[in-house]
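So this one's final_3.json, JSON, C-alpha atoms and all ligand atoms:
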[["chain", "number", "residue", "atom", "x", "y", "z"],
["A", 1, "MET", "CA", 13.96, 0.31, -18.56],
["A", 2, "THR", "CA", 14.13, -3.17, -17.07],
["A", 3, "ASP", "CA", 11.99, -6.28, -17.18],
["A", 4, "SER", "CA", 12.57, -6.93, -13.52],
["A", 5, "ILE", "CA", 12.92, -5.02, -10.28],
["A", 6, "PRO", "CA", 15.97, -4.78, -8.05],
["A", 7, "ARG", "CA", 16.01, -7.09, -5.01],
["A", 8, "LEU", "CA", 18.52, -6.03, -2.37],
["A", 9, "ALA", "CA", 19.46, -7.61, 0.96],
["A", 10, "ALA", "CA", 19.00, -5.18, 3.84],
["A", 11, "ALA", "CA", 22.05, -6.56, 5.67],
["A", 12, "THR", "CA", 24.50, -5.44, 2.96],
["A", 13, "LEU", "CA", 22.65, -2.45, 1.64],
["A", 14, "GLU", "CA", 24.17, 0.97, 0.86],
["A", 15, "PRO", "CA", 21.64, 3.84, 1.08],
["A", 16, "GLN", "CA", 22.63, 5.11, -2.37],
["A", 17, "GLN", "CA", 21.50, 1.77, -3.88],
["A", 18, "VAL", "CA", 17.96, 2.51, -2.68],
["A", 19, "HIS", "CA", 18.12, 6.01, -4.09],
["A", 20, "ALA", "CA", 19.46, 4.75, -7.44],
["A", 21, "ALA", "CA", 16.82, 2.00, -7.73],
["A", 22, "ILE", "CA", 13.95, 4.40, -7.09],
["A", 23, "ARG", "CA", 15.45, 6.93, -9.50],
["A", 24, "ASP", "CA", 16.18, 4.44, -12.31],
["A", 25, "VAL", "CA", 13.49, 1.74, -11.97],
["A", 26, "GLY", "CA", 10.89, 3.38, -9.71],
["A", 27, "CYS", "CA", 10.84, 0.53, -7.21],
["A", 28, "VAL", "CA", 13.00, -1.74, -5.11],
["A", 29, "LEU", "CA", 12.41, -4.85, -3.05],
["A", 30, "LEU", "CA", 14.47, -4.84, 0.14],
["A", 31, "GLU", "CA", 14.72, -8.23, 1.81],
["A", 32, "GLY", "CA", 15.22, -8.89, 5.51],
["A", 33, "VAL", "CA", 14.42, -5.37, 6.72],
["A", 34, "PHE", "CA", 12.17, -6.31, 9.65],
["A", 35, "THR", "CA", 12.36, -9.19, 12.12],
["A", 36, "THR", "CA", 9.64, -11.81, 12.32],
["A", 37, "GLU", "CA", 8.55, -10.35, 15.63],
["A", 38, "GLU", "CA", 8.29, -6.82, 14.21],
["A", 39, "VAL", "CA", 5.90, -7.87, 11.44],
["A", 40, "GLN", "CA", 3.99, -10.30, 13.64],
["A", 41, "ARG", "CA", 3.08, -7.73, 16.27],
["A", 42, "PRO", "CA", 0.42, -5.81, 14.27],
["A", 43, "LEU", "CA", -1.12, -9.10, 13.21],
["A", 44, "ASP", "CA", -1.23, -10.38, 16.80],
["A", 45, "ALA", "CA", -2.76, -7.09, 17.92],
["A", 46, "TRP", "CA", -5.44, -7.39, 15.20],
["A", 47, "CYS", "CA", -6.25, -10.90, 16.45],
["A", 48, "GLU", "CA", -6.64, -9.44, 19.93],
["A", 49, "ILE", "CA", -9.38, -7.08, 18.62],
["A", 50, "LEU", "CA", -11.22, -10.00, 17.05],
["A", 51, "ARG", "CA", -10.89, -12.17, 20.17],
["A", 52, "ALA", "CA", -12.36, -9.39, 22.33],
["A", 53, "TRP", "CA", -15.40, -9.20, 20.01],
["A", 54, "LEU", "CA", -15.87, -12.97, 20.09],
["A", 55, "HIS", "CA", -15.49, -13.07, 23.90],
["A", 56, "GLU", "CA", -18.08, -10.33, 24.21],
["A", 57, "HIS", "CA", -20.44, -12.43, 22.11],
["A", 58, "GLY", "CA", -19.67, -15.65, 24.02],
["A", 59, "HIS", "CA", -18.31, -17.34, 20.90],
["A", 60, "PRO", "CA", -16.36, -20.64, 21.27],
["A", 61, "ALA", "CA", -13.68, -19.51, 18.71],
["A", 62, "ALA", "CA", -12.67, -16.64, 21.01],
["A", 63, "ASP", "CA", -9.40, -18.26, 22.06],
["A", 64, "SER", "CA", -8.09, -19.02, 18.57],
["A", 65, "THR", "CA", -4.78, -17.51, 17.50],
["A", 66, "ASP", "CA", -5.48, -17.92, 13.77],
["A", 67, "PRO", "CA", -6.50, -14.57, 12.22],
["A", 68, "GLU", "CA", -8.57, -16.27, 9.52],
["A", 69, "ALA", "CA", -10.46, -18.51, 11.96],
["A", 70, "LEU", "CA", -11.20, -15.49, 14.14],
["A", 71, "HIS", "CA", -12.41, -13.37, 11.22],
["A", 72, "ASP", "CA", -14.49, -16.21, 9.77],
["A", 73, "ALA", "CA", -16.13, -16.73, 13.15],
["A", 74, "ILE", "CA", -17.13, -13.06, 13.34],
["A", 75, "ARG", "CA", -18.35, -13.08, 9.74],
["A", 76, "ALA", "CA", -20.66, -16.01, 10.47],
["A", 77, "VAL", "CA", -22.28, -14.01, 13.28],
["A", 78, "SER", "CA", -22.10, -10.46, 11.92],
["A", 79, "PRO", "CA", -20.95, -9.67, 8.37],
["A", 80, "ASP", "CA", -21.08, -5.99, 9.31],
["A", 81, "ALA", "CA", -18.68, -6.39, 12.25],
["A", 82, "ALA", "CA", -16.40, -8.51, 10.05],
["A", 83, "GLN", "CA", -16.37, -5.77, 7.41],
["A", 84, "VAL", "CA", -15.53, -3.07, 9.95],
["A", 85, "ALA", "CA", -12.78, -5.26, 11.42],
["A", 86, "LEU", "CA", -10.99, -5.29, 8.04],
["A", 87, "GLY", "CA", -10.20, -1.60, 8.43],
["A", 88, "LEU", "CA", -9.13, -1.51, 12.09],
["A", 89, "GLY", "CA", -5.49, -2.51, 11.68],
["A", 90, "ARG", "CA", -4.36, 1.05, 10.98],
["A", 91, "ASP", "CA", -5.63, 2.15, 14.41],
["A", 92, "LEU", "CA", -3.31, -0.24, 16.22],
["A", 93, "PRO", "CA", -0.27, 1.25, 17.97],
["A", 94, "ASP", "CA", 1.66, -1.87, 16.90],
["A", 95, "TYR", "CA", 0.88, -1.06, 13.27],
["A", 96, "ILE", "CA", 1.89, 2.58, 13.79],
["A", 97, "HIS", "CA", 5.08, 1.39, 15.47],
["A", 98, "LEU", "CA", 5.97, -0.68, 12.40],
["A", 99, "ILE", "CA", 5.21, 2.03, 9.83],
["A", 100, "SER", "CA", 7.18, 4.69, 11.69],
["A", 101, "HIS", "CA", 10.07, 2.36, 12.53],
["A", 102, "PRO", "CA", 13.54, 3.99, 12.30],
["A", 103, "LYS", "CA", 14.62, 1.27, 9.83],
["A", 104, "LEU", "CA", 11.79, 2.21, 7.48],
["A", 105, "ARG", "CA", 12.49, 5.93, 7.90],
["A", 106, "ALA", "CA", 16.16, 5.42, 7.07],
["A", 107, "LEU", "CA", 15.25, 3.64, 3.82],
["A", 108, "VAL", "CA", 12.55, 6.11, 2.89],
["A", 109, "GLY", "CA", 15.05, 8.89, 3.66],
["A", 110, "ALA", "CA", 17.57, 7.26, 1.33],
["A", 111, "ALA", "CA", 14.93, 6.99, -1.41],
["A", 112, "MET", "CA", 13.80, 10.63, -1.20],
["A", 113, "GLY", "CA", 17.07, 12.20, -0.06],
["A", 114, "SER", "CA", 15.39, 13.93, 2.88],
["A", 115, "THR", "CA", 14.72, 13.28, 6.55],
["A", 116, "ASN", "CA", 11.94, 15.86, 6.69],
["A", 117, "HIS", "CA", 9.26, 13.16, 6.43],
["A", 118, "GLN", "CA", 5.53, 13.42, 6.03],
["A", 119, "LEU", "CA", 3.82, 10.19, 7.03],
["A", 120, "ALA", "CA", 0.39, 10.84, 5.57],
["A", 121, "PHE", "CA", -1.77, 8.77, 7.83],
["A", 122, "ASP", "CA", -4.93, 9.13, 5.70],
["A", 123, "HIS", "CA", -3.09, 7.04, 3.11],
["A", 124, "CYS", "CA", -1.84, 4.30, 5.44],
["A", 125, "LEU", "CA", -3.67, 1.07, 5.98],
["A", 126, "MET", "CA", -3.22, -2.49, 7.12],
["A", 127, "ARG", "CA", -4.57, -4.29, 4.07],
["A", 128, "VAL", "CA", -6.53, -7.44, 4.76],
["A", 129, "ASP", "CA", -7.28, -9.14, 1.44],
["A", 130, "ARG", "CA", -9.52, -12.11, 2.13],
["A", 131, "PRO", "CA", -9.03, -15.52, 0.46],
["A", 132, "LEU", "CA", -10.75, -16.09, -2.88],
["A", 133, "SER", "CA", -11.72, -12.46, -3.09],
["A", 134, "ASP", "CA", -11.14, -9.47, -5.33],
["A", 135, "ALA", "CA", -13.06, -7.02, -3.15],
["A", 136, "THR", "CA", -10.03, -4.76, -2.69],
["A", 137, "ASN", "CA", -8.41, -5.42, -6.05],
["A", 138, "PHE", "CA", -7.15, -2.08, -7.38],
["A", 139, "THR", "CA", -6.64, -1.43, -11.08],
["A", 140, "TRP", "CA", -3.67, 0.40, -12.72],
["A", 141, "HIS", "CA", -2.88, 3.68, -11.03],
["A", 142, "GLN", "CA", -0.23, 6.05, -9.76],
["A", 143, "ASP", "CA", -0.40, 6.77, -6.05],
["A", 144, "TYR", "CA", 0.33, 10.47, -6.57],
["A", 145, "THR", "CA", -3.17, 10.94, -8.04],
["A", 146, "TYR", "CA", -4.65, 9.84, -4.72],
["A", 147, "ASN", "CA", -2.26, 11.41, -2.26],
["A", 148, "VAL", "CA", -0.74, 14.53, -3.92],
["A", 149, "LEU", "CA", 2.22, 14.46, -1.52],
["A", 150, "SER", "CA", 5.64, 15.56, -2.72],
["A", 151, "GLU", "CA", 6.21, 14.35, -6.29],
["A", 152, "ASP", "CA", 9.03, 12.11, -5.07],
["A", 153, "ALA", "CA", 6.90, 10.52, -2.33],
["A", 154, "VAL", "CA", 7.23, 6.76, -1.94],
["A", 155, "THR", "CA", 4.81, 3.99, -1.08],
["A", 156, "PHE", "CA", 5.88, 1.28, 1.33],
["A", 157, "TRP", "CA", 4.39, -2.20, 1.11],
["A", 158, "ILE", "CA", 5.36, -4.55, 3.94],
["A", 159, "PRO", "CA", 3.88, -8.06, 3.81],
["A", 160, "LEU", "CA", 2.98, -9.48, 7.22],
["A", 161, "VAL", "CA", 2.59, -12.99, 5.75],
["A", 162, "PRO", "CA", 4.36, -14.77, 2.86],
["A", 163, "ILE", "CA", 3.05, -13.48, -0.49],
["A", 164, "THR", "CA", 2.62, -16.11, -3.18],
["A", 165, "ALA", "CA", 1.67, -15.95, -6.87],
["A", 166, "GLU", "CA", -1.92, -16.94, -6.03],
["A", 167, "MET", "CA", -2.39, -14.12, -3.54],
["A", 168, "GLY", "CA", -2.88, -11.37, -6.12],
["A", 169, "PRO", "CA", 0.64, -10.02, -5.78],
["A", 170, "LEU", "CA", 1.32, -6.44, -6.70],
["A", 171, "SER", "CA", 2.12, -5.84, -10.40],
["A", 172, "VAL", "CA", 4.39, -2.93, -11.27],
["A", 173, "VAL", "CA", 5.64, -1.46, -14.55],
["A", 174, "PRO", "CA", 9.37, -0.91, -13.98],
["A", 175, "GLY", "CA", 10.53, 2.41, -15.39],
["A", 176, "SER", "CA", 7.00, 3.85, -15.73],
["A", 177, "HIS", "CA", 7.63, 6.48, -13.04],
["A", 178, "GLY", "CA", 8.66, 10.12, -13.36],
["A", 179, "THR", "CA", 5.60, 11.66, -15.03],
["A", 180, "ILE", "CA", 2.29, 12.56, -13.46],
["A", 181, "ARG", "CA", -0.29, 11.13, -15.81],
["A", 182, "PRO", "CA", -3.68, 12.56, -16.74],
["A", 183, "ALA", "CA", -6.61, 11.18, -14.82],
["A", 184, "ARG", "CA", -10.35, 11.31, -15.05],
["A", 185, "MET", "CA", -12.82, 11.48, -12.21],
["A", 186, "VAL", "CA", -15.09, 8.46, -12.26],
["A", 187, "SER", "CA", -18.54, 8.13, -10.82],
["A", 188, "ASP", "CA", -19.03, 4.43, -11.46],
["A", 189, "ALA", "CA", -16.05, 2.79, -9.79],
["A", 190, "PRO", "CA", -17.26, -0.50, -8.38],
["A", 191, "ARG", "CA", -16.48, -1.61, -4.84],
["A", 192, "PHE", "CA", -15.12, 1.74, -3.64],
["A", 193, "ASP", "CA", -16.68, 5.03, -2.69],
["A", 194, "PRO", "CA", -17.24, 6.45, -6.19],
["A", 195, "ASN", "CA", -16.52, 10.00, -5.06],
["A", 196, "ARG", "CA", -13.06, 9.10, -3.93],
["A", 197, "LEU", "CA", -11.57, 7.59, -7.02],
["A", 198, "PRO", "CA", -9.87, 9.40, -9.82],
["A", 199, "LEU", "CA", -8.49, 6.87, -12.29],
["A", 200, "VAL", "CA", -5.58, 6.93, -14.68],
["A", 201, "VAL", "CA", -7.20, 7.61, -18.01],
["A", 202, "ASP", "CA", -4.89, 6.16, -20.60],
["A", 203, "ALA", "CA", -6.85, 2.99, -21.36],
["A", 204, "ALA", "CA", -5.14, 2.72, -24.74],
["A", 205, "GLN", "CA", -1.83, 2.09, -23.04],
["A", 206, "GLN", "CA", -3.04, -0.50, -20.58],
["A", 207, "ALA", "CA", -2.23, -3.39, -22.90],
["A", 208, "ASP", "CA", 1.34, -2.11, -23.00],
["A", 209, "TRP", "CA", 1.48, -1.89, -19.19],
["A", 210, "GLU", "CA", 0.12, -5.43, -18.95],
["A", 211, "ALA", "CA", 2.82, -6.63, -21.32],
["A", 212, "ARG", "CA", 5.59, -4.89, -19.36],
["A", 213, "ARG", "CA", 4.36, -5.66, -15.88],
["A", 214, "VAL", "CA", 6.35, -7.54, -13.27],
["A", 215, "GLU", "CA", 4.50, -9.39, -10.54],
["A", 216, "VAL", "CA", 6.23, -8.97, -7.20],
["A", 217, "TYR", "CA", 6.37, -12.45, -5.66],
["A", 218, "PRO", "CA", 7.43, -14.40, -3.73],
["A", 219, "VAL", "CA", 7.87, -11.88, -0.95],
["A", 220, "SER", "CA", 8.65, -12.88, 2.62],
["A", 221, "PRO", "CA", 7.36, -11.15, 5.72],
["A", 222, "GLY", "CA", 10.06, -8.74, 6.84],
["A", 223, "SER", "CA", 10.69, -7.55, 3.29],
["A", 224, "LEU", "CA", 9.88, -4.05, 2.16],
["A", 225, "LEU", "CA", 8.76, -2.99, -1.28],
["A", 226, "LEU", "CA", 9.34, 0.71, -1.85],
["A", 227, "PHE", "CA", 8.09, 2.44, -4.96],
["A", 228, "SER", "CA", 7.75, 5.90, -6.41],
["A", 229, "CYS", "CA", 4.35, 7.60, -6.16],
["A", 230, "THR", "CA", 4.42, 7.94, -9.96],
["A", 231, "LEU", "CA", 5.09, 4.24, -10.68],
["A", 232, "LEU", "CA", 2.22, 2.48, -12.43],
["A", 233, "HIS", "CA", 1.02, -0.51, -10.43],
["A", 234, "ARG", "CA", -2.04, -2.60, -9.76],
["A", 235, "SER", "CA", -3.12, -5.42, -7.48],
["A", 236, "GLY", "CA", -4.68, -8.73, -8.44],
["A", 237, "PRO", "CA", -7.46, -10.82, -6.93],
["A", 238, "ASN", "CA", -6.48, -13.11, -4.06],
["A", 239, "ARG", "CA", -7.04, -16.57, -5.53],
["A", 240, "SER", "CA", -5.40, -18.41, -2.61],
["A", 241, "ASN", "CA", -7.04, -19.83, 0.48],
["A", 242, "ARG", "CA", -4.97, -17.54, 2.74],
["A", 243, "THR", "CA", -5.58, -13.92, 3.71],
["A", 244, "ARG", "CA", -3.07, -11.39, 2.42],
["A", 245, "PHE", "CA", -2.01, -9.03, 5.25],
["A", 246, "VAL", "CA", 0.14, -6.06, 4.21],
["A", 247, "ALA", "CA", 1.19, -2.86, 5.99],
["A", 248, "ASN", "CA", 0.84, -0.27, 3.25],
["A", 249, "GLY", "CA", 1.30, 3.51, 3.33],
["A", 250, "ARG", "CA", 3.08, 6.56, 1.92],
["A", 251, "TYR", "CA", 5.83, 8.90, 2.90],
["A", 252, "GLY", "CA", 6.34, 12.27, 1.32],
["A", 253, "ARG", "CA", 8.66, 15.09, 2.38],
["A", 254, "PHE", "CA", 7.81, 18.41, 3.93],
["A", 255, "ASP", "CA", 10.72, 20.21, 2.28],
["A", 256, "ASP", "CA", 9.28, 19.78, -1.22],
["A", 257, "ALA", "CA", 9.05, 23.22, -2.86],
["A", 258, "ALA", "CA", 5.68, 22.58, -4.57],
["A", 259, "LEU", "CA", 4.16, 21.29, -1.33],
["A", 260, "VAL", "CA", 5.40, 24.34, 0.58],
["A", 261, "ARG", "CA", 4.11, 26.69, -2.15],
["A", 262, "ARG", "CA", 0.60, 25.21, -1.86],
["A", 263, "ASN", "CA", 0.68, 25.61, 1.95],
["A", 264, "TRP", "CA", 1.17, 21.88, 2.51],
["A", 265, "TYR", "CA", -2.18, 20.88, 1.02],
["A", 266, "THR", "CA", -2.36, 17.21, 0.05],
["A", 267, "ALA", "CA", -5.26, 14.88, -0.73],
["A", 268, "ARG", "CA", -7.01, 13.82, 2.46],
["A", 269, "THR", "CA", -9.97, 11.70, 3.40],
["A", 270, "LYS", "CA", -11.81, 15.03, 3.78],
["A", 271, "TYR", "CA", -10.85, 16.27, 0.29],
["A", 272, "PRO", "CA", -9.97, 13.21, -1.78],
["A", 273, "HIS", "CA", -10.32, 15.12, -5.09],
["A", 274, "PHE", "CA", -7.46, 17.44, -4.32],
["A", 275, "PHE", "CA", -5.60, 16.16, -7.40],
["A", 276, "ALA", "CA", -8.15, 18.01, -9.56],
["A", 277, "GLN", "CA", -7.42, 21.25, -7.71],
["A", 278, "ALA", "CA", -3.65, 20.85, -7.75],
["A", 279, "HIS", "CA", -3.47, 19.73, -11.40],
["A", 280, "PRO", "CA", -6.61, 20.94, -13.21],
["A", 281, "ASP", "CA", -4.79, 20.63, -16.53],
["A", 282, "LEU", "CA", -4.39, 16.87, -15.98],
["A", 283, "VAL", "CA", -7.99, 16.04, -15.12],
["A", 284, "HIS", "CA", -10.72, 15.06, -17.58],
["A", 285, "GLU", "CA", -14.33, 14.60, -16.54],
["B", 1, "LIG", "O1", -1.64, -4.23, -2.18],
["B", 1, "LIG", "C1", -2.20, -4.04, -3.25],
["B", 1, "LIG", "O2", -2.71, -4.93, -3.89],
["B", 1, "LIG", "C2", -2.33, -2.67, -3.84],
["B", 1, "LIG", "C3", -1.53, -1.64, -3.16],
["B", 1, "LIG", "C4", -1.59, -0.36, -3.89],
["B", 1, "LIG", "O3", -2.17, -0.24, -4.94],
["B", 1, "LIG", "C5", -0.92, 0.80, -3.34],
["B", 1, "LIG", "O4", -0.19, 0.68, -2.36],
["B", 1, "LIG", "O5", -1.10, 1.89, -3.91]]
Please express what this file holds, its structure, as structure tokens.
Amino acid sequence: MTDSIPRLAAATLEPQQVHAAIRDVGCVLLEGVFTTEEVQRPLDAWCEILRAWLHEHGHPAADSTDPEALHDAIRAVSPDAAQVALGLGRDLPDYIHLISHPKLRALVGAAMGSTNHQLAFDHCLMRVDRPLSDATNFTWHQDYTYNVLSEDAVTFWIPLVPITAEMGPLSVVPGSHGTIRPARMVSDAPRFDPNRLPLVVDAAQQADWEARRVEVYPVSPGSLLLFSCTLLHRSGPNRSNRTRFVANGRYGRFDDAALVRRNWYTARTKYPHFFAQAHPDLVHE
């Protein structure tokens, strides 16, 4: 157990350090993995989508290069279009390029000890957390409950902008990984599609997780946070006046025996409750 998380410099990294950090702590922050240009490209491409919408609507802000100004301009005209725009990043080839980058695959491979990767696209997104908002704030959970990939799957979290303490940085509980926890299906989860969200049930332990949590900040663009799909973590509300842009997704491995035995079934957008089928003993109504 540790009260911090390992921070390693990509330039001097040995693959076994990544493996050891994931095994022992459940997470690792790798600094200087991507170049400025590599993390900027998805953001620039997202701006291009917004500019095209504003051009189409003859809006004077259509030539801005500031993602926030562009999004604010759309929101003032059409809150619906602005809402849809928040989810479009994952469709961008520049986003897909980043999340399937050989540098990321090498590190994920080191973490899981396999190159037989499953990049589960249903569980990948370009997070856009608006300023002064907690609309996408996600409470304590393990990612495995939502993705049911291999049990050693990892989540990648790549900030596209500098992440500060005010931006609702990710909180993790170092050393909390390794066990799949019981969950309950909820029908009253605010802000998300209620049918999609199983939640970690152990409310009694949440005070303990709060006490042991480490907030991951500051984090520079180009860094990569990798964590085990069984690590407890949560986000926080963005209290800053800047949008938090993060490329976020999950890698599992196709050579996992349990995955092969269940004919590769994982949770998908089409069957988000797959956890209940795969682990009926762990689910409470
Ligand atoms: O970025 C965040 O605040 C939350 C991310 C998260 O919960 C996840 O990757 O599972």
Could the residues of segment 104-163 of chain A that have an atom at most 10 Å from segment 30-43 of chain A be listed as CSV, each with its closest atom pair and the distance in Å to one decimal, counting all atoms listed in the file and ordered by chain and ascending residue number?
residue,atom,partner,partner_atom,distance
A:Leu104,CA,A:Val33,CA,8.1
A:Leu107,CA,A:Leu30,CA,9.3
A:Met126,CA,A:Pro42,CA,8.7
A:Ile158,CA,A:Val39,CA,8.2
A:Pro159,CA,A:Val39,CA,7.9
A:Leu160,CA,A:Val39,CA,5.4
A:Val161,CA,A:Val39,CA,8.3
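Of the residues listed (A:Asp80, A:Asp72, A:Asp143, A:Glu56), A:Asp143 shows the shortest atom-to-atom separation from ligand LIG 1 (chain B); distances use all atoms listed in the file.
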* Within 6 Å of ligand LIG 1 (chain B), which residues show up when you count all atoms listed in the file? List them as a ChimeraX atom specification, please. => /A:138,143,170,234-235,248
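Here atom CA of Ser133 of chain A stands at a distance of 24.5 Å from atom CA of Ala62 of chain A.
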Selection near Pro102 of chain A, 12 Å with all atoms listed in the file, sequence-local residues under 4 positions removed, as an mmCIF file with C-alpha atoms, in the frame of the given file:
data_model
loop_
_atom_site.group_PDB
_atom_site.id
_atom_site.type_symbol
_atom_site.label_atom_id
_atom_site.label_comp_id
_atom_site.auth_asym_id
_atom_site.auth_seq_id
_atom_site.Cartn_x
_atom_site.Cartn_y
_atom_site.Cartn_z
ATOM 1 C CA VAL A 33 14.420 -5.370 6.720
ATOM 2 C CA PHE A 34 12.170 -6.310 9.650
ATOM 3 C CA ILE A 96 1.890 2.580 13.790
ATOM 4 C CA HIS A 97 5.080 1.390 15.470
ATOM 5 C CA LEU A 98 5.970 -0.680 12.400
ATOM 6 C CA ALA A 106 16.160 5.420 7.070
ATOM 7 C CA LEU A 107 15.250 3.640 3.820
ATOM 8 C CA VAL A 108 12.550 6.110 2.890
ATOM 9 C CA GLY A 109 15.050 8.890 3.660
ATOM 10 C CA THR A 115 14.720 13.280 6.550
ATOM 11 C CA HIS A 117 9.260 13.160 6.430
#
